[in-house]
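Student: Sharing upload-v6.pdb here; it has PDB, C-alpha atoms and all ligand atoms.
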ATOM      1  CA  MET H   1     -16.227  -6.592   7.485
ATOM      2  CA  ARG H   2     -14.791  -6.287   3.959
ATOM      3  CA  THR H   3     -12.920  -3.075   3.300
ATOM      4  CA  ALA H   4     -12.011  -1.636  -0.087
ATOM      5  CA  ILE H   5      -9.158   0.847  -0.221
ATOM      6  CA  CYS H   6      -9.321   3.342  -3.100
ATOM      7  CA  PRO H   7      -5.871   4.920  -3.343
ATOM      8  CA  GLY H   8      -4.707   7.862  -5.397
ATOM      9  CA  SER H   9      -3.212  11.299  -5.429
ATOM     10  CA  PHE H  10      -6.575  13.009  -6.121
ATOM     11  CA  ASP H  11      -4.981  16.248  -7.314
ATOM     12  CA  PRO H  12      -7.923  16.987  -7.546
ATOM     13  CA  ILE H  13     -10.596  14.255  -7.236
ATOM     14  CA  THR H  14     -12.519  13.863 -10.534
ATOM     15  CA  LEU H  15     -15.882  12.386 -11.468
ATOM     16  CA  GLY H  16     -13.910   9.353 -12.717
ATOM     17  CA  HIS H  17     -12.462   8.749  -9.243
ATOM     18  CA  LEU H  18     -15.834   9.343  -7.592
ATOM     19  CA  ASN H  19     -17.516   6.855  -9.941
ATOM     20  CA  ILE H  20     -15.050   4.128  -8.851
ATOM     21  CA  ILE H  21     -15.440   5.021  -5.137
ATOM     22  CA  VAL H  22     -19.254   4.912  -5.274
ATOM     23  CA  ARG H  23     -19.302   1.614  -7.167
ATOM     24  CA  ALA H  24     -16.867   0.123  -4.632
ATOM     25  CA  ALA H  25     -19.116   1.376  -1.805
ATOM     26  CA  GLN H  26     -21.996  -0.611  -3.304
ATOM     27  CA  ILE H  27     -19.963  -3.830  -3.342
ATOM     28  CA  PHE H  28     -17.959  -3.571  -0.094
ATOM     29  CA  ASP H  29     -19.036  -2.964   3.515
ATOM     30  CA  ARG H  30     -16.677  -0.051   3.836
ATOM     31  CA  VAL H  31     -14.491   2.058   1.538
ATOM     32  CA  VAL H  32     -11.399   3.930   2.718
ATOM     33  CA  VAL H  33     -10.248   6.561   0.245
ATOM     34  CA  CYS H  34      -6.502   6.766   0.739
ATOM     35  CA  VAL H  35      -4.942  10.067  -0.276
ATOM     36  CA  ALA H  36      -1.205   9.752  -0.904
ATOM     37  CA  ALA H  37       0.739  12.462   0.934
ATOM     38  CA  ASN H  38       4.120  11.672  -0.487
ATOM     39  CA  ALA H  39       3.239  11.134  -4.121
ATOM     40  CA  THR H  40       6.459  11.418  -6.058
ATOM     41  CA  LYS H  41       4.573  13.487  -8.609
ATOM     42  CA  THR H  42       6.287  16.847  -8.932
ATOM     43  CA  SER H  43       4.553  20.144  -8.169
ATOM     44  CA  PRO H  44       1.038  19.125  -7.139
ATOM     45  CA  MET H  45      -1.697  21.764  -7.605
ATOM     46  CA  PHE H  46      -3.181  21.199  -4.123
ATOM     47  CA  THR H  47      -1.741  20.521  -0.679
ATOM     48  CA  VAL H  48      -2.632  17.202   0.884
ATOM     49  CA  GLU H  49      -4.980  19.014   3.310
ATOM     50  CA  GLU H  50      -6.816  20.637   0.399
ATOM     51  CA  LYS H  51      -7.081  17.316  -1.443
ATOM     52  CA  VAL H  52      -8.481  15.569   1.622
ATOM     53  CA  GLU H  53     -10.960  18.401   2.236
ATOM     54  CA  MET H  54     -12.278  18.114  -1.351
ATOM     55  CA  VAL H  55     -12.554  14.319  -1.170
ATOM     56  CA  ARG H  56     -14.375  14.557   2.197
ATOM     57  CA  ARG H  57     -16.868  16.996   0.725
ATOM     58  CA  VAL H  58     -17.752  14.832  -2.247
ATOM     59  CA  VAL H  59     -18.008  11.528  -0.368
ATOM     60  CA  ALA H  60     -20.066  13.024   2.479
ATOM     61  CA  PRO H  61     -23.346  11.549   1.130
ATOM     62  CA  TYR H  62     -21.956   7.987   1.370
ATOM     63  CA  PRO H  63     -22.035   6.737   4.978
ATOM     64  CA  ASN H  64     -19.688   3.791   4.424
ATOM     65  CA  VAL H  65     -16.932   5.889   2.814
ATOM     66  CA  THR H  66     -14.133   7.484   4.877
ATOM     67  CA  VAL H  67     -11.006   9.408   3.882
ATOM     68  CA  GLU H  68      -7.468   9.015   5.205
ATOM     69  CA  VAL H  69      -4.020  10.333   4.376
ATOM     70  CA  ASN H  70      -1.195   7.892   3.798
ATOM     71  CA  HIS H  71       2.359   9.065   4.436
ATOM     72  CA  GLY H  72       4.035   5.761   3.646
ATOM     73  CA  LEU H  73       3.797   2.724   1.413
ATOM     74  CA  LEU H  74       0.293   1.732   0.374
ATOM     75  CA  ALA H  75       0.965  -1.974   0.979
ATOM     76  CA  GLU H  76       1.841  -1.139   4.603
ATOM     77  CA  PHE H  77      -1.170   1.150   5.009
ATOM     78  CA  ALA H  78      -3.464  -1.699   3.913
ATOM     79  CA  ARG H  79      -2.360  -3.825   6.915
ATOM     80  CA  LYS H  80      -4.478  -1.546   9.114
ATOM     81  CA  TYR H  81      -7.600  -3.081   7.577
ATOM     82  CA  GLU H  82      -7.548  -6.843   7.827
ATOM     83  CA  GLY H  83      -8.574  -8.609   4.636
ATOM     84  CA  SER H  84      -8.842  -5.363   2.735
ATOM     85  CA  VAL H  85      -8.414  -5.154  -1.037
ATOM     86  CA  LEU H  86      -7.177  -2.333  -3.203
ATOM     87  CA  ILE H  87      -9.625  -1.074  -5.813
ATOM     88  CA  LYS H  88      -8.267   0.592  -8.914
ATOM     89  CA  GLY H  89      -9.974   2.067 -11.923
ATOM     90  CA  LEU H  90      -8.787   0.979 -15.359
ATOM     91  CA  ARG H  91      -9.126   3.459 -18.194
ATOM     92  CA  ALA H  92      -6.829   2.073 -20.868
ATOM     93  CA  ALA H  93      -4.123  -0.474 -21.569
ATOM     94  CA  SER H  94      -1.559   1.976 -20.223
ATOM     95  CA  ASP H  95      -3.294   1.924 -16.810
ATOM     96  CA  PHE H  96      -3.168  -1.869 -16.920
ATOM     97  CA  ASP H  97       0.596  -2.032 -17.489
ATOM     98  CA  TYR H  98       1.257   0.338 -14.609
ATOM     99  CA  GLU H  99      -1.219  -1.322 -12.243
ATOM    100  CA  PHE H 100       0.122  -4.801 -13.017
ATOM    101  CA  GLN H 101       3.586  -3.632 -12.003
ATOM    102  CA  MET H 102       2.229  -1.934  -8.853
ATOM    103  CA  ASP H 103       0.413  -5.113  -7.809
ATOM    104  CA  LEU H 104       3.606  -7.170  -8.102
ATOM    105  CA  ILE H 105       5.546  -4.646  -6.030
ATOM    106  CA  ASN H 106       2.762  -4.453  -3.422
ATOM    107  CA  LYS H 107       2.711  -8.252  -3.107
ATOM    108  CA  ARG H 108       6.457  -8.283  -2.377
ATOM    109  CA  ILE H 109       5.755  -6.026   0.596
ATOM    110  CA  ASN H 110       2.438  -7.524   1.652
ATOM    111  CA  PRO H 111       1.769 -10.914  -0.018
ATOM    112  CA  GLU H 112      -1.812 -11.065   1.317
ATOM    113  CA  LEU H 113      -2.838  -7.883  -0.404
ATOM    114  CA  GLU H 114      -5.031  -8.275  -3.490
ATOM    115  CA  THR H 115      -5.889  -5.613  -6.053
ATOM    116  CA  MET H 116      -9.214  -5.650  -7.910
ATOM    117  CA  PHE H 117     -10.055  -3.555 -10.935
ATOM    118  CA  LEU H 118     -13.191  -1.762 -12.002
ATOM    119  CA  THR H 119     -13.377  -0.640 -15.601
ATOM    120  CA  ALA H 120     -13.788   3.106 -16.005
ATOM    121  CA  ASP H 121     -17.265   4.338 -16.856
ATOM    122  CA  GLN H 122     -17.278   5.170 -20.578
ATOM    123  CA  ARG H 123     -18.137   8.799 -19.734
ATOM    124  CA  TYR H 124     -14.835   9.166 -17.902
ATOM    125  CA  THR H 125     -12.300   7.050 -19.796
ATOM    126  CA  PHE H 126     -10.556  10.213 -21.040
ATOM    127  CA  LEU H 127     -10.574  11.917 -17.647
ATOM    128  CA  SER H 128      -7.563  12.395 -15.380
ATOM    129  CA  SER H 129      -6.551  14.852 -12.684
ATOM    130  CA  SER H 130      -3.916  16.254 -15.032
ATOM    131  CA  ILE H 131      -6.581  17.091 -17.633
ATOM    132  CA  VAL H 132      -8.561  18.877 -14.924
ATOM    133  CA  ARG H 133      -5.484  20.859 -13.844
ATOM    134  CA  GLU H 134      -4.820  21.842 -17.439
ATOM    135  CA  MET H 135      -8.437  22.903 -17.990
ATOM    136  CA  ALA H 136      -8.446  24.888 -14.751
ATOM    137  CA  HIS H 137      -5.199  26.622 -15.638
ATOM    138  CA  TYR H 138      -6.647  27.907 -18.916
ATOM    139  CA  GLY H 139     -10.030  28.775 -17.426
ATOM    140  CA  GLY H 140     -11.860  25.934 -19.212
ATOM    141  CA  GLU H 141     -15.273  24.510 -18.223
ATOM    142  CA  LEU H 142     -14.919  22.101 -15.283
ATOM    143  CA  ARG H 143     -18.556  21.000 -15.135
ATOM    144  CA  GLY H 144     -18.794  17.343 -16.134
ATOM    145  CA  LEU H 145     -15.171  16.709 -15.109
ATOM    146  CA  VAL H 146     -15.262  17.180 -11.325
ATOM    147  CA  PRO H 147     -18.061  17.170  -8.727
ATOM    148  CA  GLU H 148     -20.024  20.461  -8.782
ATOM    149  CA  GLU H 149     -19.323  21.249  -5.120
ATOM    150  CA  ILE H 150     -15.555  21.584  -5.639
ATOM    151  CA  ILE H 151     -15.541  23.585  -8.891
ATOM    152  CA  GLY H 152     -15.282  26.891  -6.981
ATOM    153  CA  VAL H 153     -12.307  25.666  -4.953
ATOM    154  CA  ILE H 154     -10.440  24.538  -8.081
ATOM    155  CA  GLU H 155     -11.168  27.746  -9.969
ATOM    156  CA  ALA H 156     -10.036  29.872  -7.019
ATOM    157  CA  LYS H 157      -6.779  27.911  -6.747
ATOM    158  CA  ALA H 158      -6.130  28.194 -10.493
ATOM    159  CA  ASN H 159      -6.691  31.968 -10.257
ATOM    160  CA  THR H 160      -4.125  32.373  -7.482
ATOM    161  CA  GLN H 161      -1.601  30.182  -9.278
ATOM    162  CA  ARG H 162      -2.019  32.153 -12.495
ATOM    163  CA  GLY H 163      -1.160  35.215 -10.418
TER     164      GLY H 163
HETATM  165  P1  LIG P   1      -4.839  10.291 -11.945
HETATM  166  O1  LIG P   1      -4.385   9.069 -12.700
HETATM  167  O2  LIG P   1      -6.064  10.922 -12.504
HETATM  168  O3  LIG P   1      -3.739  11.265 -11.585
HETATM  169  P2  LIG P   1      -4.715   9.040  -9.385
HETATM  170  O4  LIG P   1      -3.268   8.796  -9.433
HETATM  171  O5  LIG P   1      -5.228   9.789  -8.215
HETATM  172  O6  LIG P   1      -5.340   9.800 -10.584
HETATM  173  O7  LIG P   1      -5.457   7.675  -9.619
HETATM  174  C1  LIG P   1      -6.012   6.912  -8.604
HETATM  175  C2  LIG P   1      -6.799   5.765  -9.172
HETATM  176  O8  LIG P   1      -7.948   6.259  -9.846
HETATM  177  C3  LIG P   1      -6.073   4.886 -10.193
HETATM  178  O9  LIG P   1      -6.456   3.547  -9.956
HETATM  179  C4  LIG P   1      -6.619   5.348 -11.516
HETATM  180  O10 LIG P   1      -6.583   4.346 -12.485
HETATM  181  C5  LIG P   1      -8.044   5.689 -11.119
HETATM  182  N1  LIG P   1      -8.646   6.652 -12.011
HETATM  183  C6  LIG P   1      -8.195   7.880 -12.297
HETATM  184  N2  LIG P   1      -9.011   8.502 -13.174
HETATM  185  C7  LIG P   1     -10.010   7.613 -13.453
HETATM  186  C8  LIG P   1     -11.152   7.655 -14.308
HETATM  187  N3  LIG P   1     -11.425   8.721 -15.071
HETATM  188  N4  LIG P   1     -11.963   6.578 -14.342
HETATM  189  C9  LIG P   1     -11.653   5.492 -13.594
HETATM  190  N5  LIG P   1     -10.600   5.379 -12.781
HETATM  191  C10 LIG P   1      -9.774   6.432 -12.706
END
Kindly present the structure from the file in structure tokens form.
Tutor:
Amino acid sequence: MRTAICPGSFDPITLGHLNIIVRAAQIFDRVVVCVAANATKTSPMFTVEEKVEMVRRVVAPYPNVTVEVNHGLLAEFARKYEGSVLIKGLRAASDFDYEFQMDLINKRINPELETMFLTADQRYTFLSSSIVREMAHYGGELRGLVPEEIIGVIEAKANTQRG
């Protein structure tokens, strides 16, 4: 069974992430969405439990997609799934530079581990979790940026954080 691992911080999951996950689910037997618990990113908007809950909600319609939390190094996590590959979305040249570096580091830890790239859908090349957080903070329209079913959760969180 071929497993794709879609890693990320998903703070929160966007339609760009979901597009990559669904396309991977059409190519691979199984997709594991791997939510990073220890992302070095400072001050996340959501707790890891909240991120996982949102991802689980939006991938529920896809029977071959599961969600897990990773507390350690991604290259070590991938050993759990023999022959698995990492799937990353590429939006721009800047993503490429970063991902190239990540792949080299991952291979030092786990030489068997391959990374494959899917180009971002043109509708979502501009989209990132940080743009969503910014929009939410200022009460902007989230439709078209994140899955409909989590808009309420994001708006509620932004309201509490605004105080
Ligand atoms: P972000 O970069 O939005 O903070 P993550 O760190 O969670 O998101 O990114 C996880 C993966 O999802 C990375 O491979 C990233 O390139 C990919 N990704 C993020 N946003 C998009 C998008 N709009 N379209 C395609 N891939 C994306």
Student: For each of H:Leu113, H:Val31, H:Ile154, H:Ala92, take the minimum atom-to-atom distance to ligand LIG 1 (chain P), counting all atoms listed in the file, then give the residue where this is smallest.
Tutor: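 Closest candidate: H:Ala92.
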Student: Out of H:Phe126, H:Phe46, H:Phe28, H:Phe117, which residue has the shortest atom-to-atom distance to Thr3 (chain H) when counting only C-alpha atoms?
Tutor: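 For Thr3 (chain H), the nearest of the given residues is H:Phe28.
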Student: Could you give me, as a PDB file with C-alpha atoms, in the coordinates of the input, the residues within 10 Å of region 59-74 of chain H, counting only C-alpha atoms and dropping anything in the same chain fewer than 3 positions from it?
Tutor:
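File around_4.pdb, as written:
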ATOM      1  CA  THR H   3     -12.920  -3.075   3.300  1.00  0.00           C
ATOM      2  CA  ALA H   4     -12.011  -1.636  -0.087  1.00  0.00           C
ATOM      3  CA  ILE H   5      -9.158   0.847  -0.221  1.00  0.00           C
ATOM      4  CA  CYS H   6      -9.321   3.342  -3.100  1.00  0.00           C
ATOM      5  CA  PRO H   7      -5.871   4.920  -3.343  1.00  0.00           C
ATOM      6  CA  GLY H   8      -4.707   7.862  -5.397  1.00  0.00           C
ATOM      7  CA  SER H   9      -3.212  11.299  -5.429  1.00  0.00           C
ATOM      8  CA  LEU H  18     -15.834   9.343  -7.592  1.00  0.00           C
ATOM      9  CA  ILE H  21     -15.440   5.021  -5.137  1.00  0.00           C
ATOM     10  CA  VAL H  22     -19.254   4.912  -5.274  1.00  0.00           C
ATOM     11  CA  ALA H  24     -16.867   0.123  -4.632  1.00  0.00           C
ATOM     12  CA  ALA H  25     -19.116   1.376  -1.805  1.00  0.00           C
ATOM     13  CA  GLN H  26     -21.996  -0.611  -3.304  1.00  0.00           C
ATOM     14  CA  PHE H  28     -17.959  -3.571  -0.094  1.00  0.00           C
ATOM     15  CA  ASP H  29     -19.036  -2.964   3.515  1.00  0.00           C
ATOM     16  CA  ARG H  30     -16.677  -0.051   3.836  1.00  0.00           C
ATOM     17  CA  VAL H  31     -14.491   2.058   1.538  1.00  0.00           C
ATOM     18  CA  VAL H  32     -11.399   3.930   2.718  1.00  0.00           C
ATOM     19  CA  VAL H  33     -10.248   6.561   0.245  1.00  0.00           C
ATOM     20  CA  CYS H  34      -6.502   6.766   0.739  1.00  0.00           C
ATOM     21  CA  VAL H  35      -4.942  10.067  -0.276  1.00  0.00           C
ATOM     22  CA  ALA H  36      -1.205   9.752  -0.904  1.00  0.00           C
ATOM     23  CA  ALA H  37       0.739  12.462   0.934  1.00  0.00           C
ATOM     24  CA  ASN H  38       4.120  11.672  -0.487  1.00  0.00           C
ATOM     25  CA  ALA H  39       3.239  11.134  -4.121  1.00  0.00           C
ATOM     26  CA  VAL H  48      -2.632  17.202   0.884  1.00  0.00           C
ATOM     27  CA  GLU H  49      -4.980  19.014   3.310  1.00  0.00           C
ATOM     28  CA  LYS H  51      -7.081  17.316  -1.443  1.00  0.00           C
ATOM     29  CA  VAL H  52      -8.481  15.569   1.622  1.00  0.00           C
ATOM     30  CA  GLU H  53     -10.960  18.401   2.236  1.00  0.00           C
ATOM     31  CA  MET H  54     -12.278  18.114  -1.351  1.00  0.00           C
ATOM     32  CA  VAL H  55     -12.554  14.319  -1.170  1.00  0.00           C
ATOM     33  CA  ARG H  56     -14.375  14.557   2.197  1.00  0.00           C
ATOM     34  CA  PHE H  77      -1.170   1.150   5.009  1.00  0.00           C
ATOM     35  CA  ALA H  78      -3.464  -1.699   3.913  1.00  0.00           C
ATOM     36  CA  ARG H  79      -2.360  -3.825   6.915  1.00  0.00           C
ATOM     37  CA  LEU H  86      -7.177  -2.333  -3.203  1.00  0.00           C
ATOM     38  CA  ASN H 106       2.762  -4.453  -3.422  1.00  0.00           C
ATOM     39  CA  ILE H 109       5.755  -6.026   0.596  1.00  0.00           C
ATOM     40  CA  ASN H 110       2.438  -7.524   1.652  1.00  0.00           C
TER      41      ASN H 110
END
Student: Just checking: using all atoms listed in the file, which residue out of H:Ser128, H:Glu50, H:Pro44, H:Thr14 ends up closest to ligand LIG 1 (chain P)?
Tutor: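 The shortest atom-to-atom distance to ligand LIG 1 (chain P) comes from H:Ser128.
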Student: What does the PyMOL selection byres (((not hetatm)) within 8 of (chain P and resi 1)) select in this file, as a PyMOL selection string?
Tutor: chain H and resi 6-17+19-20+35+87-91+95+99+118-121+124-130
Student: Given the file shown, enumerate the residues that the PyMOL selection byres (((chain H and resi 157) around 12) and not hetatm) captures and present them as a PyMOL selection string.
Tutor: chain H and resi 11-12+44-47+50-51+133+136-137+139+150-156+158-163
Student: Please compute the CA of Ala75 (chain H)-CA of Glu112 (chain H) distance, one decimal, in Å.
Tutor: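 Taking CA of Ala75 (chain H) and CA of Glu112 (chain H), their separation equals 9.5 Å.
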Student: Between CA of Met116 (chain H) and CA of Gly83 (chain H), what distance in Å does the model show, to one decimal?
Tutor: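 Between these atoms lies a distance of 12.9 Å.
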Student: Figure out the distance between CA of Val85 (chain H) and CA of Glu114 (chain H), please, to one decimal in Å.
Tutor: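 It comes out at 5.2 Å.
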Student: Between H:Arg23, H:Val58, H:Glu82, H:Ala93, single out the one closest to Met1 (chain H), counting all atoms listed in the file.
Tutor: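 Using all atoms listed in the file, the shortest distance to Met1 (chain H) belongs to H:Glu82.
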Student: Using the file's own x, y and z axes, what box holds all listed atoms of region 146-152 of chain H with 5 Å on each side, keeping edges along x, y and z, and what are its centre and edge lengths in Å to one decimal, as AutoDock Vina command-line options?
Tutor:
--center_x -17.6 --center_y 22.0 --center_z -8.2 --size_x 14.8 --size_y 19.7 --size_z 16.2
Student: Given all atoms listed in the file as the basis, pick out the residue of H:Lys107, H:Val146, H:Arg2, H:Gly140 nearest to Glu76 (chain H).
Tutor: H:Lys107
